[in-house]
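Structure data follow from coords38.txt (compact mmCIF, C-alpha atoms):
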```txt
# COMPACT_ATOMS: atom_id res chain seq x y z
CA MET A 1 -21.00 2.46 -25.58
CA SER A 2 -24.74 1.85 -25.31
CA LYS A 3 -26.89 3.42 -22.60
CA GLN A 4 -27.22 0.02 -20.88
CA GLU A 5 -23.44 -0.45 -20.96
CA GLN A 6 -22.96 3.05 -19.54
CA GLU A 7 -25.40 2.33 -16.70
CA THR A 8 -23.65 -0.96 -15.91
CA HIS A 9 -20.29 0.81 -15.94
CA MET A 10 -21.52 3.48 -13.52
CA GLN A 11 -22.96 0.86 -11.18
CA ASN A 12 -19.63 -0.95 -11.13
CA LEU A 13 -17.51 2.20 -10.67
CA GLY A 14 -14.92 1.42 -8.01
CA THR A 15 -15.92 -2.21 -7.55
CA LEU A 16 -13.23 -4.76 -6.69
CA GLU A 17 -15.41 -7.75 -7.53
CA GLY A 18 -13.21 -10.67 -8.53
CA LYS A 19 -9.97 -8.97 -7.45
CA VAL A 20 -7.45 -10.81 -5.27
CA ILE A 21 -5.21 -8.31 -3.52
CA VAL A 22 -2.17 -8.79 -1.30
CA ILE A 23 -1.79 -6.29 1.54
CA THR A 24 1.46 -6.26 3.51
CA GLY A 25 1.21 -4.91 7.03
CA ALA A 26 -2.47 -5.82 7.08
CA GLY A 27 -2.73 -6.49 10.82
CA GLN A 28 -3.46 -2.98 12.02
CA GLY A 29 -3.90 0.65 11.09
CA ILE A 30 -4.13 1.51 7.41
CA GLY A 31 -3.61 -2.09 6.27
CA ARG A 32 -6.44 -3.36 8.45
CA ALA A 33 -8.80 -0.61 7.29
CA LEU A 34 -7.92 -1.33 3.68
CA ALA A 35 -8.60 -5.05 4.13
CA GLY A 36 -12.12 -4.23 5.28
CA MET A 37 -12.76 -1.83 2.43
CA ILE A 38 -11.49 -4.21 -0.25
CA THR A 39 -13.75 -6.92 1.14
CA ASP A 40 -16.74 -4.55 1.23
CA LEU A 41 -16.09 -3.72 -2.43
CA GLY A 42 -16.21 -7.40 -3.40
CA GLY A 43 -12.50 -8.26 -3.44
CA THR A 44 -10.56 -11.05 -1.75
CA VAL A 45 -7.79 -10.03 0.64
CA VAL A 46 -4.46 -11.82 1.07
CA ALA A 47 -3.36 -10.39 4.40
CA VAL A 48 0.34 -10.46 5.29
CA ASP A 49 1.81 -9.39 8.63
CA LEU A 50 4.47 -10.28 11.18
CA ASN A 51 1.83 -10.26 13.93
CA GLY A 52 0.01 -13.59 13.76
CA GLU A 53 -2.50 -12.65 16.48
CA ALA A 54 -3.54 -9.55 14.57
CA LEU A 55 -4.06 -11.65 11.46
CA GLU A 56 -6.20 -14.15 13.35
CA ALA A 57 -8.35 -11.26 14.59
CA LEU A 58 -8.65 -10.00 11.01
CA LYS A 59 -9.66 -13.49 9.85
CA ALA A 60 -12.37 -13.58 12.53
CA ASP A 61 -13.83 -10.36 11.11
CA ILE A 62 -13.19 -11.21 7.44
CA PRO A 63 -13.61 -14.98 7.00
CA THR A 64 -12.87 -14.77 3.26
CA ALA A 65 -9.38 -13.38 3.87
CA GLU A 66 -6.31 -15.52 3.30
CA ILE A 67 -3.75 -14.84 6.05
CA PHE A 68 0.01 -15.38 6.04
CA THR A 69 2.32 -14.63 8.96
CA GLY A 70 5.94 -13.72 8.33
CA ASP A 71 8.64 -11.11 7.74
CA VAL A 72 8.04 -9.05 4.58
CA SER A 73 11.80 -8.75 4.05
CA ASP A 74 12.16 -12.54 3.71
CA ALA A 75 12.32 -13.44 0.02
CA ALA A 76 11.36 -17.07 0.67
CA PHE A 77 8.25 -15.96 2.59
CA ALA A 78 7.14 -13.70 -0.26
CA ALA A 79 7.62 -16.43 -2.84
CA SER A 80 5.92 -19.15 -0.76
CA THR A 81 2.92 -16.90 -0.02
CA VAL A 82 2.37 -16.15 -3.70
CA ALA A 83 2.74 -19.86 -4.54
CA ALA A 84 0.26 -20.85 -1.82
CA VAL A 85 -2.32 -18.35 -3.07
CA ARG A 86 -1.98 -19.61 -6.63
CA ASP A 87 -2.23 -23.22 -5.43
CA LYS A 88 -5.65 -22.31 -4.02
CA GLY A 89 -6.70 -21.39 -7.56
CA LEU A 90 -6.68 -17.66 -6.89
CA ARG A 91 -5.30 -15.28 -9.51
CA LEU A 92 -3.50 -12.32 -7.99
CA THR A 93 -4.63 -8.99 -9.41
CA GLY A 94 -3.35 -6.47 -6.88
CA LEU A 95 -0.69 -5.63 -4.32
CA VAL A 96 -0.46 -2.92 -1.69
CA ASN A 97 3.03 -2.47 -0.25
CA ASN A 98 1.97 -1.06 3.09
CA ALA A 99 4.19 -2.73 5.73
CA GLY A 100 6.32 -0.32 7.67
CA ILE A 101 8.10 0.47 10.94
CA ILE A 102 9.78 3.51 12.46
CA ARG A 103 13.09 3.77 14.32
CA PRO A 104 13.44 7.52 14.93
CA ALA A 105 16.71 9.28 15.75
CA MET A 106 18.40 12.48 14.69
CA LEU A 107 20.81 12.08 11.78
CA LEU A 108 23.97 12.42 13.88
CA LYS A 109 22.71 9.95 16.49
CA MET A 110 21.12 7.28 14.31
CA GLU A 111 22.54 3.80 14.80
CA GLU A 112 23.30 1.62 11.80
CA SER A 113 20.82 -0.96 13.09
CA GLN A 114 18.05 1.66 13.10
CA TRP A 115 18.86 2.53 9.50
CA ASP A 116 19.01 -1.12 8.43
CA ASP A 117 15.74 -2.10 10.12
CA VAL A 118 13.67 0.60 8.40
CA ILE A 119 15.29 0.18 4.98
CA ARG A 120 14.84 -3.60 5.23
CA VAL A 121 11.12 -3.51 6.00
CA HIS A 122 10.04 -0.57 3.83
CA LEU A 123 12.35 -0.74 0.83
CA LYS A 124 13.56 -4.33 0.61
CA GLY A 125 10.09 -5.55 1.55
CA ALA A 126 8.46 -3.49 -1.20
CA TYR A 127 11.02 -4.73 -3.74
CA LEU A 128 10.53 -8.40 -2.80
CA TRP A 129 6.72 -8.33 -2.86
CA THR A 130 6.58 -6.28 -6.04
CA GLN A 131 8.84 -8.85 -7.69
CA ALA A 132 7.02 -11.91 -6.34
CA VAL A 133 3.50 -10.69 -7.09
CA GLY A 134 4.60 -9.17 -10.40
CA LYS A 135 5.94 -12.52 -11.60
CA ALA A 136 2.57 -14.14 -10.91
CA MET A 137 0.66 -11.34 -12.64
CA ILE A 138 2.88 -11.54 -15.72
CA ALA A 139 2.48 -15.31 -15.88
CA ASP A 140 -1.30 -14.90 -15.73
CA ALA A 141 -1.55 -11.93 -18.10
CA GLY A 142 -2.60 -14.01 -21.10
CA GLU A 143 -3.96 -12.46 -24.26
CA SER A 144 -5.91 -9.57 -22.74
CA LYS A 145 -3.56 -7.20 -20.97
CA LYS A 146 -5.78 -4.20 -20.25
CA THR A 147 -6.39 -4.97 -16.59
CA SER A 148 -3.82 -7.61 -15.65
CA GLY A 149 -2.94 -6.08 -12.31
CA ALA A 150 -2.50 -3.02 -10.13
CA LEU A 151 0.27 -2.21 -7.66
CA VAL A 152 -0.04 0.51 -5.02
CA HIS A 153 3.02 1.40 -2.95
CA VAL A 154 2.57 3.38 0.25
CA SER A 155 5.04 6.24 0.41
CA SER A 156 4.87 9.44 2.45
CA ILE A 157 5.33 13.17 2.21
CA ALA A 158 8.55 12.45 4.13
CA GLY A 159 9.90 10.83 0.98
CA ARG A 160 9.42 14.10 -0.91
CA SER A 161 10.45 16.66 1.71
CA GLY A 162 12.49 14.83 4.34
CA SER A 163 11.62 14.30 7.99
CA ILE A 164 13.50 15.59 11.04
CA GLY A 165 14.56 12.65 13.18
CA GLN A 166 13.71 10.04 10.55
CA VAL A 167 16.35 10.03 7.82
CA ASN A 168 15.91 6.25 7.48
CA TYR A 169 12.15 6.54 6.96
CA ALA A 170 12.46 9.48 4.56
CA ALA A 171 15.11 7.65 2.51
CA ALA A 172 13.02 4.47 2.36
CA LYS A 173 9.88 6.33 1.30
CA ALA A 174 11.83 8.21 -1.38
CA GLY A 175 13.07 4.87 -2.69
CA ILE A 176 9.49 3.62 -2.97
CA PHE A 177 8.95 6.11 -5.79
CA GLY A 178 11.80 4.54 -7.74
CA ILE A 179 10.42 1.03 -7.33
CA SER A 180 6.93 2.10 -8.37
CA MET A 181 7.91 4.10 -11.45
CA THR A 182 10.32 1.39 -12.63
CA ALA A 183 7.59 -1.24 -12.34
CA ALA A 184 5.21 1.08 -14.21
CA LYS A 185 7.67 1.42 -17.11
CA GLU A 186 8.80 -2.21 -17.28
CA TRP A 187 5.41 -3.88 -16.83
CA ALA A 188 3.02 -1.61 -18.72
CA ARG A 189 3.28 -4.00 -21.69
CA TYR A 190 1.72 -6.69 -19.49
CA GLY A 191 -1.18 -4.44 -18.48
CA ILE A 192 0.21 -3.97 -14.97
CA ARG A 193 -0.20 -0.52 -13.44
CA SER A 194 2.00 0.80 -10.62
CA ASN A 195 1.34 3.91 -8.54
CA THR A 196 2.28 5.40 -5.18
CA VAL A 197 0.26 7.15 -2.53
CA SER A 198 1.91 9.65 -0.19
CA PHE A 199 0.18 9.93 3.15
CA GLY A 200 0.45 12.79 5.58
CA VAL A 201 -0.49 12.19 9.23
CA VAL A 202 -2.98 9.36 9.72
CA GLU A 203 -4.38 8.27 13.07
CA THR A 204 -2.47 5.02 13.53
CA PRO A 205 -0.13 3.65 16.22
CA MET A 206 2.87 4.68 14.09
CA THR A 207 1.99 8.37 14.34
CA GLU A 208 1.28 8.58 18.08
CA VAL A 209 4.42 10.64 18.75
CA VAL A 210 3.82 13.28 16.07
CA ARG A 211 0.20 13.56 17.20
CA SER A 212 1.20 14.10 20.84
CA GLU A 213 0.76 17.42 22.66
CA LYS A 214 4.42 18.28 22.04
CA PHE A 215 4.02 18.39 18.25
CA ARG A 216 0.25 18.63 17.78
CA GLU A 217 -0.20 22.36 17.13
CA ASP A 218 2.81 22.65 14.83
CA ILE A 219 1.75 19.67 12.72
CA LEU A 220 -1.89 20.74 12.47
CA SER A 221 -0.83 24.25 11.41
CA ARG A 222 0.85 22.73 8.36
CA ILE A 223 -2.21 20.77 7.22
CA ALA A 224 -4.45 22.88 5.00
CA LEU A 225 -7.60 20.98 6.01
CA GLY A 226 -6.67 21.42 9.67
CA TYR A 227 -6.91 17.83 10.92
CA TRP A 228 -5.17 14.50 10.49
CA ALA A 229 -6.82 11.69 8.63
CA GLU A 230 -8.66 8.65 9.86
CA PRO A 231 -7.56 5.40 8.18
CA LEU A 232 -10.80 5.11 6.18
CA GLU A 233 -10.16 8.51 4.58
CA VAL A 234 -6.86 7.41 3.08
CA VAL A 235 -7.76 3.87 2.02
CA ARG A 236 -10.61 4.97 -0.27
CA PRO A 237 -8.17 6.45 -2.84
CA VAL A 238 -6.05 3.30 -2.59
CA ALA A 239 -9.09 1.17 -3.40
CA PHE A 240 -9.75 3.41 -6.40
CA LEU A 241 -6.21 2.87 -7.74
CA LEU A 242 -6.70 -0.88 -7.38
CA SER A 243 -9.94 -0.80 -9.33
CA ASP A 244 -10.54 -0.83 -13.07
CA SER A 245 -11.81 2.74 -12.75
CA ALA A 246 -8.12 3.71 -12.61
CA SER A 247 -7.28 1.62 -15.69
CA TYR A 248 -5.39 4.46 -17.43
CA ILE A 249 -3.40 5.65 -14.42
CA THR A 250 0.15 4.38 -13.94
CA GLY A 251 3.51 5.72 -12.81
CA GLN A 252 1.83 8.42 -10.72
CA ASN A 253 1.97 9.60 -7.12
CA LEU A 254 -1.23 10.60 -5.34
CA GLY A 255 -0.74 12.84 -2.32
CA ILE A 256 -3.29 12.05 0.40
CA ASP A 257 -2.23 14.51 3.06
CA GLY A 258 -4.96 17.09 3.61
CA GLY A 259 -2.89 19.68 1.76
CA MET A 260 0.14 19.28 4.02
CA ASN A 261 2.51 19.44 1.08
CA ILE A 262 1.07 22.63 -0.40
CA ASN A 263 3.39 25.61 -0.27
CA ILE A 264 1.20 28.10 1.57
```
Rewritten as structure tokens:
Amino acid sequence: MSKQEQETHMQNLGTLEGKVIVITGAGQGIGRALAGMITDLGGTVVAVDLNGEALEALKADIPTAEIFTGDVSDAAFAASTVAAVRDKGLRLTGLVNNAGIIRPAMLLKMEESQWDDVIRVHLKGAYLWTQAVGKAMIADAGESKKTSGALVHVSSIAGRSGSIGQVNYAAAKAGIFGISMTAAKEWARYGIRSNTVSFGVVETPMTEVVRSEKFREDILSRIALGYWAEPLEVVRPVAFLLSDSASYITGQNLGIDGGMNINI
């Protein structure tokens, strides 16, 4: 590599210029922060969420975003969204499976509906969007397969160590690892990379309970860095995994938890 090529490479480190990336659960929290970062790095966001008003607000802030309102666990919605994006002449290069809900209850008291709701959104949703976006990426792979696409699946430390009062969430997040690693193995030949990120406690509406006074001190005592993350702190590594700077990383899990999963 020449000096000029090296300088160009360094200038473009982390850029998402020309990337078209689907984000599920883009209306608030981590998804919303990620949409802004991807746009700032030159990418185009395809924002998916059940909350149409939140998507309209996102569109007002990010006019280049394509927005689609619907249920991530609806196979027809996933397929029609991908088709609509491609009809606009956009080539999908990335996906972030971020959509999620919580329905907490202790194991002995959890209702079947609480289990089904969380598994449907987190696990079925991730499966459907991975499949739908993956099909488009494979169709567009062409001759050069080095950087055909990148998938990032949002898991959690709960998927690795369990979570009191959230067996449904912990099971769903554990399943995300299986989806991601299977996609990494099956689609590497098409130049598609698949990785997971495992978040700890991030300041979003979903974590209001664990960040409350009742649990605050106990949770903070288990985080090596001593504080919970802001959304921008956790979306930067996601943007990296979506970029060509991570071109040789696949089938991996990146813990973004402030050291919460360290055995200290």
Separating CA of Gly251 (chain A) from CA of Ser194 (chain A), to the nearest tenth of an Å, is a gap of 5.6 Å
Glu230 (chain A): which residues within 9 Å, counting only C-alpha atoms, same-chain residues fewer than 3 positions away excluded, as number ranges by chain?
A: 30, 201-204, 233-234
Which protein, DNA or RNA residues are at most 12 Å from (-5.3, -11.9, 12.8) in the file's coordinates when you count all atoms listed in the file, listed as a PyMOL selection string?
chain A and resi 25-28+31-32+35+46-63+65-69
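Here CA of Tyr227 (chain A) stands at a distance of 22.0 Å from CA of Ala170 (chain A).
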Can you work out the spacing between CA of Ala126 (chain A) and CA of Leu220 (chain A) in Å, to one decimal?
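Pair CA of Ala126 (chain A) / CA of Leu220 (chain A) returns 29.7 Å.
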Neighbouring residues of Trp187 (chain A) were defined as those with any atom within 10 Å, considering all atoms listed in the file; residues of the same chain fewer than 5 positions away were excluded. Please report them as a list of chain:residue names.
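Non-adjacent residues within range: A:Gly134, A:Met137, A:Ile138, A:Gly149, A:Met181, A:Thr182, A:Ile192, A:Arg193, A:Ser194.
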Just-selected residues, C-alpha atoms written as a PDB file, keeping the file's coordinate frame:
```pdb
ATOM      1  CA  GLY A 134       4.600  -9.170 -10.400  1.00  0.00           C
ATOM      2  CA  MET A 137       0.660 -11.340 -12.640  1.00  0.00           C
ATOM      3  CA  ILE A 138       2.880 -11.540 -15.720  1.00  0.00           C
ATOM      4  CA  GLY A 149      -2.940  -6.080 -12.310  1.00  0.00           C
ATOM      5  CA  MET A 181       7.910   4.100 -11.450  1.00  0.00           C
ATOM      6  CA  THR A 182      10.320   1.390 -12.630  1.00  0.00           C
ATOM      7  CA  ILE A 192       0.210  -3.970 -14.970  1.00  0.00           C
ATOM      8  CA  ARG A 193      -0.200  -0.520 -13.440  1.00  0.00           C
ATOM      9  CA  SER A 194       2.000   0.800 -10.620  1.00  0.00           C
TER      10      SER A 194
END
```
From the set A:Ala105, A:Val235, A:Leu13, A:Leu123, which residue has the shortest atom-to-atom contact distance to Ser180 (chain A), counting only C-alpha atoms?
A:Leu123
Distance table requested - region 105-216 of chain A against region 80-96 of chain A, cut-off 6 Å, only C-alpha atoms: one row per qualifying residue with the closest atom pair and its distance in Å to one decimal, ordered by chain and rising residue number, as a Markdown table.
```
| residue | atom | partner | partner_atom | distance |
| --- | --- | --- | --- | --- |
| A:Gly149 | CA | A:Thr93 | CA | 4.4 |
| A:Ala150 | CA | A:Gly94 | CA | 4.8 |
| A:Leu151 | CA | A:Leu95 | CA | 4.9 |
| A:Val152 | CA | A:Val96 | CA | 4.8 |
| A:His153 | CA | A:Val96 | CA | 5.7 |
```
I need the residues from that last selection saved to file as a PDB file, in the coordinates of the input (with C-alpha atoms), if you can.
```pdb
ATOM      1  CA  GLY A 149      -2.940  -6.080 -12.310  1.00  0.00           C
ATOM      2  CA  ALA A 150      -2.500  -3.020 -10.130  1.00  0.00           C
ATOM      3  CA  LEU A 151       0.270  -2.210  -7.660  1.00  0.00           C
ATOM      4  CA  VAL A 152      -0.040   0.510  -5.020  1.00  0.00           C
ATOM      5  CA  HIS A 153       3.020   1.400  -2.950  1.00  0.00           C
TER       6      HIS A 153
END
```
Taking (-6.8, 1.2, -19.0) as a centre in this file's frame and 9 Å as the limit, can you find every polymer residue with an atom that close, using all atoms listed in the file, and give them as a PyMOL selection string?
chain A and resi 146-147+191+193+244-249
Looking at A:Arg120, A:Arg216, A:Arg160, A:Arg222, which one is nearest to Ser198 (chain A), with distances taken over all atoms listed in the file?
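Looking only at the distances to Ser198 (chain A), the closest residue turns out to be A:Arg160.
Distances from A:Asn168, A:Thr15, A:Ser161, A:Asn98 to Leu241 (chain A) were compared using all atoms listed in the file, and the smallest one belongs to A:Thr15.
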Could you check which of A:Leu41, A:Ala99, A:Leu108, A:Ile256 is closest to Pro231 (chain A), using all atoms listed in the file?
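For Pro231 (chain A), the nearest of the candidates is A:Ile256.
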Considering all atoms listed in the file, state which residue in the set A:Leu232, A:Asp257, A:Phe199, A:Ile223 is at the smallest distance from Met37 (chain A).
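Ranked by minimum distance to Met37 (chain A), first place goes to A:Leu232.
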